[in-house]
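Structure, as structure tokens:
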Amino acid sequence: MGGHDLQGKLTGGNAVDKLQPNPFAGDDGRVDPQLAEALELREFASRLEAIVEVLPNARVIVPVLAHEHPGRTDDGGVASHASADKDPCKAAAMLAVEAPDGRAAMPIFSSVEALMRWNPKARPVPVHTQNAAIAAVAEADGLLVLDPASDRPMLLGRPAVSALATGASWTPPWRDEELPTVVARALAGIDGLKGLQITPGRNAETAIVLAVDGEASREAVAAALGEASSRLGGVDELTHRLDSVELVPARVAT
């Protein structure tokens with residue numbers, strides 16, 4: 001499909017809209033080159049970091065589904081469309097997909113092609129990433145998922161999305177120099193714990209690897225992990241630094 005046709009799909013709008021400056025004039029619906037490079041990275045942490053770094057200066061595409069015809073009034077006119085939300089980001093938030101842990105994530109797309117793979121009936125609307133992030137914070141669970149129909153969809157956690165929404169920088173948990181101290185303080189005194197390390201996770205965004213007594217029984221290790229999970233869940237500061245977390249025991253010699 002040529003660039004002219006895609007531009008028609010992306011801009012759309014009524015006559016009043018066409019009088020306004022269009023920040024996406026000439027957008028052919030293809031992926032931003034820098035975002036494309038980030039998406040090609042294979043290793044999870046590097047890929048996530050690169051995507052979040054690029055997104056503030058990239059446009060993304062949000063899906064909007066056509067509303068059904070509202071019907072006719074008693075006098076034969078068309079019923080009001082007032083209930084339809086005219087904000088495409090809020091409309092996209094209503095199409096949230098389920099994250100692996102059950103939370104709602106607002107879908108965003110790197111290109112029209114990626115959107116069509118997800119739902120060929122959706123209308124692609126280009127938006128600034130910040131606007132999408134603001135909608136995710138306000139209307140969904142504070143999560144964005146980039147290209148959910150791709151082989152490697154990228155879930156952006158609440159701290160990263162909050163940073164995108166406010167224009168702040170995001171520090172990945174495994175690069176947060178203060179985080180180990182915060183976690184260690186919360187876990188101080190738990191029997192059998194010898195130390196910790198914060199790394200990218202396999203089943204969650206972040207893994208907290210806990211060094212446990214190599215001689216401890218399974219029951220003792222399970223109890224220590226349970227106590228650690230309970231304590232970490234009560235630390236408000238961590239909600240601003242961490243999204244999904246897995247606790248991983250690593251036995252060490254005494």
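Letters A, B, ... go to the chains of the structure tokens in the order shown; residues in each chain start at 1; ligands are counted from 1 in the same order.
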May I have the residues within 10 Å of Val252 (chain A) as a list of chain:residue names, using only C-alpha atoms and disregarding those fewer than 6 positions away in the same chain? A:Leu193, A:Lys194, A:Gly195, A:Leu210, A:Ala211, A:Val212, A:Asp213, A:Gly214, A:Glu215, A:Ala216
Next, write the just-selected residues to a file, as a PDB file, in the first residue's frame, keeping C-alpha atoms as the atom set.
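Output contents, as saved in out-v3.pdb:
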ATOM      1  CA  LEU A 193      18.727 -15.088  54.009  1.00  0.00           C
ATOM      2  CA  LYS A 194      22.386 -14.329  53.283  1.00  0.00           C
ATOM      3  CA  GLY A 195      22.186 -11.634  50.619  1.00  0.00           C
ATOM      4  CA  LEU A 210      17.889 -14.234  47.414  1.00  0.00           C
ATOM      5  CA  ALA A 211      20.920 -16.096  48.676  1.00  0.00           C
ATOM      6  CA  VAL A 212      19.726 -18.744  51.127  1.00  0.00           C
ATOM      7  CA  ASP A 213      21.523 -21.115  53.451  1.00  0.00           C
ATOM      8  CA  GLY A 214      22.678 -24.081  51.406  1.00  0.00           C
ATOM      9  CA  GLU A 215      21.937 -26.403  54.325  1.00  0.00           C
ATOM     10  CA  ALA A 216      18.382 -25.128  54.908  1.00  0.00           C
TER      11      ALA A 216
END
Where does DSSP see alpha helix (DSSP H) in region 32-147 of chain A, if you list the residues as a ChimeraX atom specification? /A:33-40,44-54,88-93,112-118,129-139
Please save C-alpha atoms of the selected residues as a PDB file, in the first residue's frame.
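Dumped to part.pdb:
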ATOM      1  CA  PRO A  33      13.556   3.525  12.538  1.00  0.00           C
ATOM      2  CA  GLN A  34      14.978   3.907  16.051  1.00  0.00           C
ATOM      3  CA  LEU A  35      12.112   1.918  17.548  1.00  0.00           C
ATOM      4  CA  ALA A  36      12.686  -0.746  14.901  1.00  0.00           C
ATOM      5  CA  GLU A  37      16.300  -1.081  16.048  1.00  0.00           C
ATOM      6  CA  ALA A  38      15.177  -1.422  19.665  1.00  0.00           C
ATOM      7  CA  LEU A  39      12.624  -4.083  18.745  1.00  0.00           C
ATOM      8  CA  GLU A  40      15.330  -6.146  17.027  1.00  0.00           C
ATOM      9  CA  PHE A  44      15.035  -8.867  27.304  1.00  0.00           C
ATOM     10  CA  ALA A  45      16.624  -6.213  29.490  1.00  0.00           C
ATOM     11  CA  SER A  46      18.477  -4.482  26.647  1.00  0.00           C
ATOM     12  CA  ARG A  47      15.349  -4.537  24.506  1.00  0.00           C
ATOM     13  CA  LEU A  48      13.126  -3.085  27.231  1.00  0.00           C
ATOM     14  CA  GLU A  49      15.631  -0.363  28.094  1.00  0.00           C
ATOM     15  CA  ALA A  50      16.079   0.604  24.443  1.00  0.00           C
ATOM     16  CA  ILE A  51      12.324   0.718  23.803  1.00  0.00           C
ATOM     17  CA  VAL A  52      11.631   2.950  26.803  1.00  0.00           C
ATOM     18  CA  GLU A  53      14.512   5.224  25.801  1.00  0.00           C
ATOM     19  CA  VAL A  54      13.195   5.627  22.240  1.00  0.00           C
ATOM     20  CA  PRO A  88      -8.421   7.913  20.721  1.00  0.00           C
ATOM     21  CA  CYS A  89      -6.130   7.098  23.632  1.00  0.00           C
ATOM     22  CA  LYS A  90      -9.054   6.658  26.014  1.00  0.00           C
ATOM     23  CA  ALA A  91     -10.816   4.576  23.371  1.00  0.00           C
ATOM     24  CA  ALA A  92      -7.710   2.395  23.047  1.00  0.00           C
ATOM     25  CA  ALA A  93      -7.554   1.970  26.825  1.00  0.00           C
ATOM     26  CA  VAL A 112      -0.049  -0.070  11.081  1.00  0.00           C
ATOM     27  CA  GLU A 113       1.099  -3.545  10.037  1.00  0.00           C
ATOM     28  CA  ALA A 114       1.533  -4.575  13.680  1.00  0.00           C
ATOM     29  CA  LEU A 115      -1.938  -3.258  14.486  1.00  0.00           C
ATOM     30  CA  MET A 116      -3.533  -5.110  11.572  1.00  0.00           C
ATOM     31  CA  ARG A 117      -2.046  -8.380  12.822  1.00  0.00           C
ATOM     32  CA  TRP A 118      -3.786  -7.756  16.128  1.00  0.00           C
ATOM     33  CA  THR A 129       3.657   8.142  23.252  1.00  0.00           C
ATOM     34  CA  GLN A 130       3.174  10.455  26.215  1.00  0.00           C
ATOM     35  CA  ASN A 131      -0.550  10.756  25.472  1.00  0.00           C
ATOM     36  CA  ALA A 132      -0.879   6.983  25.307  1.00  0.00           C
ATOM     37  CA  ALA A 133       0.973   6.619  28.606  1.00  0.00           C
ATOM     38  CA  ILE A 134      -1.269   9.198  30.293  1.00  0.00           C
ATOM     39  CA  ALA A 135      -4.333   7.260  29.159  1.00  0.00           C
ATOM     40  CA  ALA A 136      -2.867   3.985  30.420  1.00  0.00           C
ATOM     41  CA  VAL A 137      -2.274   5.503  33.857  1.00  0.00           C
ATOM     42  CA  ALA A 138      -5.747   7.031  34.017  1.00  0.00           C
ATOM     43  CA  GLU A 139      -7.871   4.404  32.304  1.00  0.00           C
TER      44      GLU A 139
END
When you draw a straight line from CA of Ala188 (chain A) to CA of Thr171 (chain A), how long is it in Å? 24.4 Å
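The spacing separating CA of Ala220 (chain A) from CA of Thr199 (chain A) amounts to 23.6 Å.
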If you count only C-alpha atoms, which residues fall within 10 Å of Pro159 (chain A), apart from same-chain ones fewer than 2 positions away, as a list of chain:residue names? A:Gly142, A:Leu143, A:Leu156, A:Gly157, A:Val161, A:Ser162, A:Ala163, A:Leu164, A:Ala165, A:Ser169, A:Trp170, A:Thr171, A:Pro172, A:Pro173, A:Leu238, A:Thr239, A:His240, A:Arg241, A:Leu242, A:Asp243
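Counting from CA of Glu43 (chain A), the distance to CA of Pro200 (chain A) is 10.1 Å.
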Determine which residues of region 128-252 of chain A DSSP labels as strand (DSSP E) from the backbone of this structure, then write them out as an NGL selection string. :A and (128 or 143-146 or 154-156 or 193-200 or 206-213 or 245-252)
